[in-house]
file model_8.tsv (TSV, C-alpha atoms)
chain	number	residue	atom	x	y	z
A	143	MET	CA	52.18	16.85	-43.27
A	144	SER	CA	48.58	16.01	-44.07
A	145	GLN	CA	49.60	12.53	-45.21
A	146	ARG	CA	51.34	11.91	-41.90
A	147	SER	CA	48.28	12.96	-39.83
A	148	SER	CA	45.91	10.87	-41.95
A	149	ALA	CA	48.16	7.84	-41.55
A	150	ARG	CA	47.76	7.84	-37.76
A	151	LYS	CA	45.97	4.85	-36.39
A	152	PRO	CA	43.21	5.27	-33.83
A	153	PRO	CA	44.35	4.32	-30.33
A	154	THR	CA	43.64	0.72	-29.45
A	155	PRO	CA	41.44	0.32	-26.40
A	156	LYS	CA	43.21	-1.11	-23.37
A	157	PRO	CA	41.89	-4.42	-22.12
A	158	GLU	CA	39.67	-4.28	-19.05
A	159	VAL	CA	41.68	-5.07	-15.95
A	160	GLU	CA	40.03	-6.21	-12.75
A	161	ARG	CA	41.07	-3.52	-10.29
A	162	ARG	CA	40.62	-5.76	-7.27
A	163	ALA	CA	42.60	-8.68	-8.71
A	164	PRO	CA	46.00	-9.34	-7.12
A	165	ARG	CA	48.98	-8.09	-9.12
A	166	GLY	CA	51.70	-10.25	-10.54
A	167	GLU	CA	51.72	-13.58	-12.34
A	168	PRO	CA	49.21	-16.11	-10.97
A	169	GLY	CA	51.05	-18.40	-8.56
A	170	SER	CA	53.92	-15.98	-7.89
A	171	LEU	CA	54.79	-14.74	-4.41
A	172	ARG	CA	53.59	-11.20	-5.25
A	173	TRP	CA	50.27	-12.58	-6.52
A	174	LEU	CA	49.80	-14.73	-3.39
A	175	LYS	CA	50.69	-11.80	-1.09
A	176	GLY	CA	48.22	-9.56	-2.93
A	177	LEU	CA	45.54	-12.23	-2.74
A	178	LEU	CA	45.96	-12.74	1.01
A	179	GLY	CA	45.94	-8.97	1.63
A	180	ARG	CA	42.50	-8.49	0.06
A	181	PRO	CA	39.24	-8.97	1.95
A	182	LEU	CA	37.54	-12.19	0.84
A	183	ALA	CA	34.00	-13.42	1.29
A	184	LEU	CA	31.94	-16.50	0.57
A	185	GLN	CA	29.04	-15.86	-1.77
A	186	ARG	CA	26.31	-18.25	-2.80
A	187	ARG	CA	25.78	-18.33	-6.57
A	188	HIS	CA	23.42	-20.83	-8.22
A	189	GLY	CA	23.32	-22.90	-5.04
A	190	LYS	CA	27.14	-23.19	-4.76
A	191	LEU	CA	29.60	-21.33	-2.55
A	192	HIS	CA	32.23	-19.19	-4.28
A	193	MET	CA	35.16	-17.28	-2.81
A	194	SER	CA	35.17	-13.69	-4.08
A	195	LEU	CA	37.03	-10.46	-3.44
A	196	LEU	CA	35.14	-7.81	-1.50
A	197	GLU	CA	34.89	-4.25	-2.72
A	198	ARG	CA	36.63	-1.93	-0.26
A	199	ARG	CA	35.05	1.19	-1.66
A	200	ARG	CA	31.37	1.41	-0.89
A	201	SER	CA	28.74	3.47	-2.63
A	202	PRO	CA	26.74	6.02	-0.60
A	203	ALA	CA	23.69	3.75	-0.88
A	204	GLN	CA	25.70	0.83	0.51
A	205	ILE	CA	27.05	2.97	3.36
A	206	GLU	CA	23.50	4.08	4.25
A	207	ALA	CA	22.22	0.49	4.08
A	208	ASP	CA	25.05	-0.70	6.36
A	209	GLU	CA	24.36	2.10	8.86
A	210	LEU	CA	20.66	1.28	8.82
A	211	GLU	CA	21.35	-2.39	9.45
A	212	ALA	CA	23.74	-1.53	12.33
A	213	LEU	CA	21.06	0.71	13.85
A	214	ARG	CA	18.41	-2.01	13.55
A	215	GLN	CA	20.75	-4.56	15.15
A	216	GLU	CA	21.51	-2.27	18.10
A	217	LEU	CA	17.85	-1.35	18.51
A	218	GLN	CA	16.85	-5.01	18.45
A	219	THR	CA	19.52	-5.85	21.05
A	220	ARG	CA	18.34	-3.02	23.32
A	221	LEU	CA	14.68	-3.99	22.96
A	222	LEU	CA	15.38	-7.67	23.62
A	223	GLY	CA	17.33	-6.63	26.72
A	224	HIS	CA	13.95	-5.88	28.31
A	225	GLU	CA	11.50	-8.60	29.13
A	226	LEU	CA	9.60	-9.46	25.98
A	227	ALA	CA	6.18	-8.54	27.41
A	228	HIS	CA	7.58	-5.28	28.82
A	229	ALA	CA	9.18	-4.29	25.50
A	230	ALA	CA	6.03	-5.15	23.53
A	231	ARG	CA	3.86	-3.09	25.88
A	232	VAL	CA	6.02	-0.10	26.84
A	233	MET	CA	8.31	0.24	23.81
A	234	ARG	CA	5.76	-0.67	21.14
A	235	HIS	CA	6.16	2.60	19.20
A	236	LEU	CA	9.90	2.01	18.95
A	237	VAL	CA	9.13	-1.55	17.79
A	238	PHE	CA	6.89	-0.04	15.06
A	239	VAL	CA	9.83	2.14	13.95
A	240	HIS	CA	12.19	-0.87	14.00
A	241	ASP	CA	9.79	-2.86	11.80
A	242	ALA	CA	9.24	0.07	9.40
A	243	LEU	CA	13.02	0.50	9.05
A	244	GLY	CA	13.29	-3.17	8.12
A	245	ARG	CA	10.52	-2.98	5.51
A	246	ASN	CA	11.04	0.40	3.81
A	247	GLY	CA	13.94	2.17	5.53
A	248	TRP	CA	13.63	5.78	6.66
A	249	PRO	CA	10.98	6.63	4.00
A	250	GLY	CA	8.73	4.05	5.69
A	251	VAL	CA	9.23	5.80	9.04
A	252	ALA	CA	8.60	9.23	7.50
A	253	VAL	CA	4.98	8.38	6.63
A	254	MET	CA	4.09	7.36	10.20
A	255	PRO	CA	1.78	9.63	12.26
A	256	SER	CA	3.44	12.32	14.39
A	257	SER	CA	1.94	10.84	17.57
A	258	VAL	CA	3.72	7.50	16.96
A	259	LEU	CA	6.96	9.27	16.03
A	260	GLY	CA	6.78	11.42	19.18
A	261	LYS	CA	6.36	8.40	21.46
A	262	ALA	CA	9.10	6.49	19.62
A	263	LEU	CA	11.37	9.52	20.07
A	264	LEU	CA	10.76	9.50	23.84
A	265	GLN	CA	11.46	5.77	23.99
A	266	ALA	CA	14.68	6.13	21.97
A	267	GLU	CA	15.82	8.93	24.31
A	268	MET	CA	15.06	6.67	27.30
A	269	LEU	CA	17.22	3.88	25.86
A	270	HIS	CA	19.98	6.36	25.02
A	271	GLY	CA	19.81	7.78	28.56
A	272	ARG	CA	20.37	4.34	30.10
A	273	GLU	CA	23.41	3.62	27.96
A	274	LYS	CA	24.92	6.17	25.59
A	275	SER	CA	25.06	5.17	21.94
A	276	PRO	CA	25.99	7.30	18.92
A	277	LEU	CA	23.59	5.30	16.73
A	278	LEU	CA	20.66	5.89	19.08
A	279	ALA	CA	21.57	9.58	19.36
A	280	GLN	CA	21.48	9.90	15.54
A	281	MET	CA	18.21	7.97	15.45
A	282	ALA	CA	16.63	10.27	18.04
A	283	GLU	CA	17.70	13.32	16.05
A	284	ARG	CA	16.25	11.91	12.86
A	285	LEU	CA	13.00	10.96	14.63
A	286	ARG	CA	12.77	14.53	15.94
A	287	MET	CA	13.01	15.93	12.39
A	288	LEU	CA	10.53	13.39	11.00
A	289	LYS	CA	8.07	14.17	13.81
A	290	ALA	CA	8.22	17.90	12.99
A	291	ALA	CA	7.68	17.17	9.29
A	292	ALA	CA	4.74	14.86	10.11
A	293	GLU	CA	3.13	17.57	12.28
A	294	VAL	CA	3.36	20.08	9.41
A	295	ARG	CA	1.93	17.52	6.97
A	296	GLU	CA	-0.98	16.68	9.30
A	297	GLU	CA	-1.71	20.36	9.93
A	298	ARG	CA	-1.94	20.98	6.18
A	299	GLN	CA	-4.26	18.01	5.76
A	300	ASP	CA	-6.49	19.27	8.60
A	301	ARG	CA	-6.64	22.72	7.05
A	302	ARG	CA	-7.64	21.25	3.70
A	303	THR	CA	-10.45	19.19	5.20
A	304	ARG	CA	-11.74	22.11	7.30
A	305	GLU	CA	-11.89	24.65	4.46
A	306	PRO	CA	-15.18	24.27	2.56
A	307	ILE	CA	-14.73	24.05	-1.16
A	308	ALA	CA	-17.57	25.67	-3.07
A	309	LYS	CA	-18.14	23.45	-6.06
A	310	ASP	CA	-21.44	24.95	-7.23
A	311	VAL	CA	-20.19	28.49	-7.81
A	312	GLU	CA	-20.64	29.71	-11.36
A	313	VAL	CA	-18.92	32.84	-12.64
A	314	SER	CA	-19.98	34.63	-15.79
A	315	GLU	CA	-19.82	38.09	-17.34
A	316	THR	CA	-22.95	40.28	-17.48
A	317	THR	CA	-24.11	43.77	-18.39
A	318	HIS	CA	-25.10	46.51	-15.95
A	319	GLU	CA	-28.75	46.20	-17.00
A	320	ASP	CA	-28.80	42.45	-16.19
A	321	PHE	CA	-27.21	43.15	-12.82
A	322	ALA	CA	-29.79	45.84	-11.99
A	323	GLU	CA	-32.64	43.52	-12.97
A	324	THR	CA	-31.25	40.69	-10.82
A	325	GLU	CA	-30.87	43.09	-7.89
A	326	ARG	CA	-34.51	44.17	-8.22
A	327	SER	CA	-35.66	40.57	-8.24
A	328	TRP	CA	-33.63	39.91	-5.06
A	329	ASN	CA	-35.15	42.92	-3.35
A	330	GLY	CA	-38.62	41.65	-4.23
A	331	SER	CA	-37.85	38.26	-2.68
A	332	LEU	CA	-36.61	39.62	0.69
A	333	PRO	CA	-38.90	38.92	3.67
A	334	ASN	CA	-40.79	41.86	5.19
A	335	GLY	CA	-38.63	44.05	7.37
A	336	LEU	CA	-35.32	43.16	5.68
A	337	VAL	CA	-33.84	45.94	3.61
A	338	PRO	CA	-30.48	45.87	1.85
A	339	PRO	CA	-27.95	47.96	3.80
A	340	ASP	CA	-27.43	50.52	1.02
A	341	ARG	CA	-31.16	51.34	0.72
A	342	PRO	CA	-33.21	53.38	3.20
A	343	ALA	CA	-36.09	51.64	4.95

call {"tool": "encode", "arguments": {"input": "model_8.tsv", "output": "structure tokens"}}
result
Amino acid sequence: MSQRSSARKPPTPKPEVERRAPRGEPGSLRWLKGLLGRPLALQRRHGKLHMSLLERRRSPAQIEADELEALRQELQTRLLGHELAHAARVMRHLVFVHDALGRNGWPGVAVMPSSVLGKALLQAEMLHGREKSPLLAQMAERLRMLKAAAEVREERQDRRTREPIAKDVEVSETTHEDFAETERSWNGSLPNGLVPPDRPA
């Protein structure tokens, strides 16, 4: 029994098979049908064009990047629908958001001041009110959340700058005798007429 189990060979690894490749023998009707049923794309590699199979399944990052690009395209179309001078003057905060989305995505928009985000939100709602768009509705909702987060962040920063930080405070332990002596020296240094509240005049 033990000889039989020791004589077993380890399983041989299966060769890697390209999941997207068409099935069947190359050149057969099944292979050609599978090839024509797959999405193809031209890709530039090392300066030359190559035909390649597209991946149908997309990663969450790819889905988000595609949605972001679709939003930027629609926003650009809507902004260019206005006269160029009008869009640059009236919709400039939305143009700032469009440019930040192109450079750094939503994290780039998240660091913008709440005042810019608030005006961009109003402008996005104006565009959505003229012609309904699910992408603009999602953008407006996201701008609303980012504006609220920016207001909280700015309020915390204001509070930090307003609160004085005492850097020269020194804390140490002392005896009761040292404390009493220090208190007597303070009392001797008070101007005439000022008496500590716990001592009678």

call {"tool": "closest_residue", "arguments": {"input": "model_8.tsv", "among": "A:Ala203, A:Pro152, A:Pro255, A:Leu213", "to": "Glu297 (chain A)", "atoms": "all atoms listed in the file"}}
result
A:Pro255

call {"tool": "closest_residue", "arguments": {"input": "model_8.tsv", "among": "A:His192, A:Arg172, A:Ser256, A:Pro276", "to": "Glu209 (chain A)", "atoms": "all atoms listed in the file"}}
result
A:Pro276

call {"tool": "residues_around", "arguments": {"input": "model_8.tsv", "residues": "Leu236 (chain A)", "least_positions_apart": "4", "cutoff": "10 Å", "atoms": "all atoms listed in the file", "output": "MDAnalysis selection string"}}
result
chainID A and resid 217:218 221 229:230 232 240:242 258:266

call {"tool": "atom_distance", "arguments": {"input": "model_8.tsv", "atom1": "CA of Arg220 (chain A)", "atom2": "CA of Met268 (chain A)"}}
result
11.0 Å

call {"tool": "atom_distance", "arguments": {"input": "model_8.tsv", "atom1": "CA of Gln204 (chain A)", "atom2": "CA of Val239 (chain A)"}}
result
20.8 Å

call {"tool": "closest_residue", "arguments": {"input": "model_8.tsv", "among": "A:Arg298, A:Gln280, A:Gly189, A:Gly244", "to": "Gln215 (chain A)", "atoms": "all atoms listed in the file"}}
result
A:Gly244

call {"tool": "closest_residue", "arguments": {"input": "model_8.tsv", "among": "A:Trp328, A:Arg304, A:Gly250, A:Leu269", "to": "Met233 (chain A)", "atoms": "all atoms listed in the file"}}
result
A:Leu269

call {"tool": "atom_distance", "arguments": {"input": "model_8.tsv", "atom1": "CA of Pro249 (chain A)", "atom2": "CA of Gln299 (chain A)"}}
result
19.1 Å

call {"tool": "axis_aligned_box", "arguments": {"input": "model_8.tsv", "around": "region 262-271 of chain A", "padding_each_side": "5 Å", "output": "JSON"}}
result
{"center_x": 14.5, "center_y": 6.7, "center_z": 24.1, "size_x": 20.9, "size_y": 15.6, "size_z": 18.9}

call {"tool": "closest_residue", "arguments": {"input": "model_8.tsv", "among": "A:Thr219, A:Glu312, A:Leu285, A:Ala279", "to": "Leu243 (chain A)", "atoms": "only C-alpha atoms"}}
result
A:Leu285
